[in-house]
Structures are given as structure tokens and as C-alpha cells.
$ cat data14.pdb   # PDB, C-alpha atoms
MODEL        1
ATOM      1  CA  MET A   1       0.000   0.000   0.000
ATOM      2  CA  ARG A   2       2.744   2.431   0.942
ATOM      3  CA  SER A   3       4.323   2.197  -2.516
ATOM      4  CA  ILE A   4       0.974   2.984  -4.157
ATOM      5  CA  TRP A   5       0.506   6.003  -1.878
ATOM      6  CA  GLN A   6       4.053   7.138  -2.661
ATOM      7  CA  GLN A   7       3.321   6.969  -6.399
ATOM      8  CA  ILE A   8       0.234   9.136  -5.893
ATOM      9  CA  LEU A   9       2.229  11.614  -3.813
ATOM     10  CA  ASP A  10       4.959  11.711  -6.477
ATOM     11  CA  SER A  11       2.380  12.531  -9.163
ATOM     12  CA  TYR A  12       1.072  15.452  -7.080
ATOM     13  CA  GLU A  13       4.614  16.689  -6.462
ATOM     14  CA  ALA A  14       5.187  16.701 -10.232
ATOM     15  CA  LYS A  15       2.054  18.834 -10.681
ATOM     16  CA  VAL A  16       3.256  21.276  -8.015
ATOM     17  CA  LYS A  17       6.628  21.637  -9.773
ATOM     18  CA  GLU A  18       4.950  21.956 -13.170
ATOM     19  CA  ARG A  19       2.800  24.823 -11.890
ATOM     20  CA  ARG A  20       5.765  26.368 -10.051
ATOM     21  CA  LEU A  21       3.853  26.570  -6.786
ATOM     22  CA  GLN A  22       5.895  27.623  -3.780
ATOM     23  CA  ASN A  23       5.763  26.798  -0.081
ATOM     24  CA  VAL A  24       3.931  23.523  -0.660
ATOM     25  CA  ARG A  25       4.790  20.507   1.480
ATOM     26  CA  MET A  26       3.545  17.002   0.902
ATOM     27  CA  LEU A  27       4.047  14.228   3.414
ATOM     28  CA  LEU A  28       3.087  10.593   3.577
ATOM     29  CA  GLN A  29       2.336   9.452   7.118
ATOM     30  CA  MET A  30       0.475   6.614   8.784
ATOM     31  CA  GLY A  31      -1.982   6.781  11.687
ATOM     32  CA  ASP A  32      -5.063   8.761  12.655
ATOM     33  CA  ALA A  33      -5.396  11.299   9.839
ATOM     34  CA  ALA A  34      -6.778  14.198  11.882
ATOM     35  CA  GLN A  35      -4.181  13.768  14.621
ATOM     36  CA  ARG A  36      -1.292  13.489  12.145
ATOM     37  CA  ILE A  37      -2.434  16.570  10.226
ATOM     38  CA  MET A  38      -2.666  18.662  13.392
ATOM     39  CA  GLU A  39       0.670  17.420  14.777
ATOM     40  CA  THR A  40       2.469  18.115  11.515
ATOM     41  CA  ALA A  41       0.858  21.540  11.066
ATOM     42  CA  SER A  42       1.926  22.507  14.570
ATOM     43  CA  LYS A  43       5.446  21.131  14.098
ATOM     44  CA  ILE A  44       6.101  23.066  10.873
ATOM     45  CA  LYS A  45       4.236  26.169  12.100
ATOM     46  CA  CYS A  46       1.688  25.999   9.323
ATOM     47  CA  GLU A  47      -0.097  29.270   8.543
ATOM     48  CA  LEU A  48      -3.085  27.691   6.767
ATOM     49  CA  LEU A  49      -4.384  24.157   6.300
ATOM     50  CA  ILE A  50      -6.425  23.407   3.202
ATOM     51  CA  LEU A  51      -8.434  20.188   3.407
ATOM     52  CA  GLY A  52     -10.903  18.525   1.126
ATOM     53  CA  SER A  53     -14.256  17.301   2.365
ATOM     54  CA  ARG A  54     -16.065  14.307   0.957
ATOM     55  CA  GLY A  55     -19.311  15.735   2.259
ATOM     56  CA  ARG A  56     -20.431  12.533   3.951
ATOM     57  CA  GLY A  57     -22.261  14.551   6.608
ATOM     58  CA  GLY A  58     -25.204  13.605   8.770
ATOM     59  CA  PHE A  59     -25.454  10.220  10.427
ATOM     60  CA  LYS A  60     -22.339   8.705   8.832
ATOM     61  CA  GLU A  61     -20.195  11.577  10.089
ATOM     62  CA  LEU A  62     -21.652  11.158  13.558
ATOM     63  CA  LEU A  63     -20.701   7.468  13.581
ATOM     64  CA  LEU A  64     -17.388   7.611  11.752
ATOM     65  CA  GLY A  65     -16.210  11.120  12.566
ATOM     66  CA  SER A  66     -14.832  13.505  10.016
ATOM     67  CA  VAL A  67     -11.170  14.349   9.576
ATOM     68  CA  SER A  68     -11.973  17.836   8.320
ATOM     69  CA  HIS A  69     -14.413  18.387  11.186
ATOM     70  CA  LYS A  70     -11.868  17.300  13.820
ATOM     71  CA  VAL A  71      -9.073  19.379  12.298
ATOM     72  CA  THR A  72     -11.292  22.449  11.967
ATOM     73  CA  ASN A  73     -12.232  22.274  15.628
ATOM     74  CA  HIS A  74      -8.799  21.477  17.080
ATOM     75  CA  ALA A  75      -6.063  22.865  14.791
ATOM     76  CA  ASP A  76      -3.769  25.648  15.990
ATOM     77  CA  CYS A  77      -4.029  27.500  12.659
ATOM     78  CA  PRO A  78      -6.824  28.541  10.283
ATOM     79  CA  VAL A  79      -8.381  25.724   8.229
ATOM     80  CA  LEU A  80      -9.968  26.079   4.789
ATOM     81  CA  ILE A  81     -12.330  23.265   3.766
ATOM     82  CA  ALA A  82     -12.825  22.710   0.031
ATOM     83  CA  LYS A  83     -15.826  20.721  -1.134
TER      84      LYS A  83
ENDMDL
END
$ encode --input "data14.pdb" --output "C-alpha cells"
Amino acid sequence: MRSIWQQILDSYEAKVKERRLQNVRMLLQMGDAAQRIMETASKIKCELLILGSRGRGGFKELLLGSVSHKVTNHADCPVLIAK
């Protein structure tokens, strides 16, 4: 699985370079997604987190939780959610 994820990450890094975007960091980590995102953002002193939302919402979010919801409520920096 990790090699597949690394290939995906590599393809996004190529797009970032192609578009000459600056100050973009991409990391591949394992564990609870919300916790890892918040820990990493705090560690690198992130100024803004931009997260996607699958829009599951409602009952499923209540049962499963939502990474974007957890990060929005607990991150040390502003969070922008893109749907």
C-alpha cells in the first residue's frame, strides 16, 4: 500500500513543480489522519491548512467522525475546507 501512496504523492509533487507553486509541502504518514495533520501543522508552524471534504455529513459523520471536522475544531491555525 505504501508504494501505491508514494506513487500518488509523487504525481502530485510533479504537478506542483509543473505549476511552479511555492511553499507547498507534501508528506506521507500513517496513523489517525486528523491527529497526524494537526501534529504536523503545529510542528512546521503551518499558517493555513487546506483540506478537502467528501461531504459525507449527517449520520455517517456522527458514527465515523470527520477528519476535516476534527481538524477544523482542534487545529492551531486557520483551516480552509474545500468541497
$ residues_around --input "data14.pdb" --residues "Thr40 (chain A)" --least-positions-apart "6" --cutoff "10 Å" --atoms "only C-alpha atoms" --output "PyMOL selection string"
chain A and resi 27+29+46
$ residues_around --input "data14.pdb" --residues "Ile50 (chain A)" --least-positions-apart "2" --cutoff "9 Å" --atoms "all atoms listed in the file" --output "list of chain:residue names"
A:Leu48, A:Gly52, A:Pro78, A:Val79, A:Leu80, A:Ile81, A:Ala82
$ atom_distance --input "data14.pdb" --atom1 "CA of Trp5 (chain A)" --atom2 "CA of Lys17 (chain A)"
18.6 Å
$ residues_around --input "data14.pdb" --residues "Ala33 (chain A)" --least-positions-apart "4" --cutoff "12 Å" --atoms "only C-alpha atoms" --output "ChimeraX atom specification"
/A:27-29,37-40,51,65-71
$ atom_distance --input "data14.pdb" --atom1 "CA of His74 (chain A)" --atom2 "CA of Ala34 (chain A)"
9.2 Å
$ closest_residue --input "data14.pdb" --among "A:Met26, A:Leu49, A:Cys77, A:Ile44" --to "Gln6 (chain A)" --atoms "only C-alpha atoms"
A:Met26
$ axis_aligned_box --input "data14.pdb" --around "region 4-9 of chain A" --padding-each-side "5 Å" --output "lines of an AutoDock Vina configuration file"
center_x = 2.1
center_y = 7.3
center_z = -4.1
size_x = 13.8
size_y = 18.6
size_z = 14.5
$ atom_distance --input "data14.pdb" --atom1 "CA of Gln7 (chain A)" --atom2 "CA of Lys45 (chain A)"
26.7 Å
$ closest_residue --input "data14.pdb" --among "A:Thr72, A:Met30, A:Gln22, A:Lys43" --to "Met1 (chain A)" --atoms "only C-alpha atoms"
A:Met30
$ closest_residue --input "data14.pdb" --among "A:Tyr12, A:Arg20, A:Ala75, A:Gly31" --to "Glu47 (chain A)" --atoms "all atoms listed in the file"
A:Ala75
$ decode --input "data14.pdb" --residues "chain A" --atoms "C-alpha atoms" --output "PDB file, in the first residue's frame"
ATOM      1  CA  MET A   1       0.000   0.000   0.000  1.00  0.00           C
ATOM      2  CA  ARG A   2       2.744   2.431   0.942  1.00  0.00           C
ATOM      3  CA  SER A   3       4.323   2.197  -2.516  1.00  0.00           C
ATOM      4  CA  ILE A   4       0.974   2.984  -4.157  1.00  0.00           C
ATOM      5  CA  TRP A   5       0.506   6.003  -1.878  1.00  0.00           C
ATOM      6  CA  GLN A   6       4.053   7.138  -2.661  1.00  0.00           C
ATOM      7  CA  GLN A   7       3.321   6.969  -6.399  1.00  0.00           C
ATOM      8  CA  ILE A   8       0.234   9.136  -5.893  1.00  0.00           C
ATOM      9  CA  LEU A   9       2.229  11.614  -3.813  1.00  0.00           C
ATOM     10  CA  ASP A  10       4.959  11.711  -6.477  1.00  0.00           C
ATOM     11  CA  SER A  11       2.380  12.531  -9.163  1.00  0.00           C
ATOM     12  CA  TYR A  12       1.072  15.452  -7.080  1.00  0.00           C
ATOM     13  CA  GLU A  13       4.614  16.689  -6.462  1.00  0.00           C
ATOM     14  CA  ALA A  14       5.187  16.701 -10.232  1.00  0.00           C
ATOM     15  CA  LYS A  15       2.054  18.834 -10.681  1.00  0.00           C
ATOM     16  CA  VAL A  16       3.256  21.276  -8.015  1.00  0.00           C
ATOM     17  CA  LYS A  17       6.628  21.637  -9.773  1.00  0.00           C
ATOM     18  CA  GLU A  18       4.950  21.956 -13.170  1.00  0.00           C
ATOM     19  CA  ARG A  19       2.800  24.823 -11.890  1.00  0.00           C
ATOM     20  CA  ARG A  20       5.765  26.368 -10.051  1.00  0.00           C
ATOM     21  CA  LEU A  21       3.853  26.570  -6.786  1.00  0.00           C
ATOM     22  CA  GLN A  22       5.895  27.623  -3.780  1.00  0.00           C
ATOM     23  CA  ASN A  23       5.763  26.798  -0.081  1.00  0.00           C
ATOM     24  CA  VAL A  24       3.931  23.523  -0.660  1.00  0.00           C
ATOM     25  CA  ARG A  25       4.790  20.507   1.480  1.00  0.00           C
ATOM     26  CA  MET A  26       3.545  17.002   0.902  1.00  0.00           C
ATOM     27  CA  LEU A  27       4.047  14.228   3.414  1.00  0.00           C
ATOM     28  CA  LEU A  28       3.087  10.593   3.577  1.00  0.00           C
ATOM     29  CA  GLN A  29       2.336   9.452   7.118  1.00  0.00           C
ATOM     30  CA  MET A  30       0.475   6.614   8.784  1.00  0.00           C
ATOM     31  CA  GLY A  31      -1.982   6.781  11.687  1.00  0.00           C
ATOM     32  CA  ASP A  32      -5.063   8.761  12.655  1.00  0.00           C
ATOM     33  CA  ALA A  33      -5.396  11.299   9.839  1.00  0.00           C
ATOM     34  CA  ALA A  34      -6.778  14.198  11.882  1.00  0.00           C
ATOM     35  CA  GLN A  35      -4.181  13.768  14.621  1.00  0.00           C
ATOM     36  CA  ARG A  36      -1.292  13.489  12.145  1.00  0.00           C
ATOM     37  CA  ILE A  37      -2.434  16.570  10.226  1.00  0.00           C
ATOM     38  CA  MET A  38      -2.666  18.662  13.392  1.00  0.00           C
ATOM     39  CA  GLU A  39       0.670  17.420  14.777  1.00  0.00           C
ATOM     40  CA  THR A  40       2.469  18.115  11.515  1.00  0.00           C
ATOM     41  CA  ALA A  41       0.858  21.540  11.066  1.00  0.00           C
ATOM     42  CA  SER A  42       1.926  22.507  14.570  1.00  0.00           C
ATOM     43  CA  LYS A  43       5.446  21.131  14.098  1.00  0.00           C
ATOM     44  CA  ILE A  44       6.101  23.066  10.873  1.00  0.00           C
ATOM     45  CA  LYS A  45       4.236  26.169  12.100  1.00  0.00           C
ATOM     46  CA  CYS A  46       1.688  25.999   9.323  1.00  0.00           C
ATOM     47  CA  GLU A  47      -0.097  29.270   8.543  1.00  0.00           C
ATOM     48  CA  LEU A  48      -3.085  27.691   6.767  1.00  0.00           C
ATOM     49  CA  LEU A  49      -4.384  24.157   6.300  1.00  0.00           C
ATOM     50  CA  ILE A  50      -6.425  23.407   3.202  1.00  0.00           C
ATOM     51  CA  LEU A  51      -8.434  20.188   3.407  1.00  0.00           C
ATOM     52  CA  GLY A  52     -10.903  18.525   1.126  1.00  0.00           C
ATOM     53  CA  SER A  53     -14.256  17.301   2.365  1.00  0.00           C
ATOM     54  CA  ARG A  54     -16.065  14.307   0.957  1.00  0.00           C
ATOM     55  CA  GLY A  55     -19.311  15.735   2.259  1.00  0.00           C
ATOM     56  CA  ARG A  56     -20.431  12.533   3.951  1.00  0.00           C
ATOM     57  CA  GLY A  57     -22.261  14.551   6.608  1.00  0.00           C
ATOM     58  CA  GLY A  58     -25.204  13.605   8.770  1.00  0.00           C
ATOM     59  CA  PHE A  59     -25.454  10.220  10.427  1.00  0.00           C
ATOM     60  CA  LYS A  60     -22.339   8.705   8.832  1.00  0.00           C
ATOM     61  CA  GLU A  61     -20.195  11.577  10.089  1.00  0.00           C
ATOM     62  CA  LEU A  62     -21.652  11.158  13.558  1.00  0.00           C
ATOM     63  CA  LEU A  63     -20.701   7.468  13.581  1.00  0.00           C
ATOM     64  CA  LEU A  64     -17.388   7.611  11.752  1.00  0.00           C
ATOM     65  CA  GLY A  65     -16.210  11.120  12.566  1.00  0.00           C
ATOM     66  CA  SER A  66     -14.832  13.505  10.016  1.00  0.00           C
ATOM     67  CA  VAL A  67     -11.170  14.349   9.576  1.00  0.00           C
ATOM     68  CA  SER A  68     -11.973  17.836   8.320  1.00  0.00           C
ATOM     69  CA  HIS A  69     -14.413  18.387  11.186  1.00  0.00           C
ATOM     70  CA  LYS A  70     -11.868  17.300  13.820  1.00  0.00           C
ATOM     71  CA  VAL A  71      -9.073  19.379  12.298  1.00  0.00           C
ATOM     72  CA  THR A  72     -11.292  22.449  11.967  1.00  0.00           C
ATOM     73  CA  ASN A  73     -12.232  22.274  15.628  1.00  0.00           C
ATOM     74  CA  HIS A  74      -8.799  21.477  17.080  1.00  0.00           C
ATOM     75  CA  ALA A  75      -6.063  22.865  14.791  1.00  0.00           C
ATOM     76  CA  ASP A  76      -3.769  25.648  15.990  1.00  0.00           C
ATOM     77  CA  CYS A  77      -4.029  27.500  12.659  1.00  0.00           C
ATOM     78  CA  PRO A  78      -6.824  28.541  10.283  1.00  0.00           C
ATOM     79  CA  VAL A  79      -8.381  25.724   8.229  1.00  0.00           C
ATOM     80  CA  LEU A  80      -9.968  26.079   4.789  1.00  0.00           C
ATOM     81  CA  ILE A  81     -12.330  23.265   3.766  1.00  0.00           C
ATOM     82  CA  ALA A  82     -12.825  22.710   0.031  1.00  0.00           C
ATOM     83  CA  LYS A  83     -15.826  20.721  -1.134  1.00  0.00           C
TER      84      LYS A  83
END
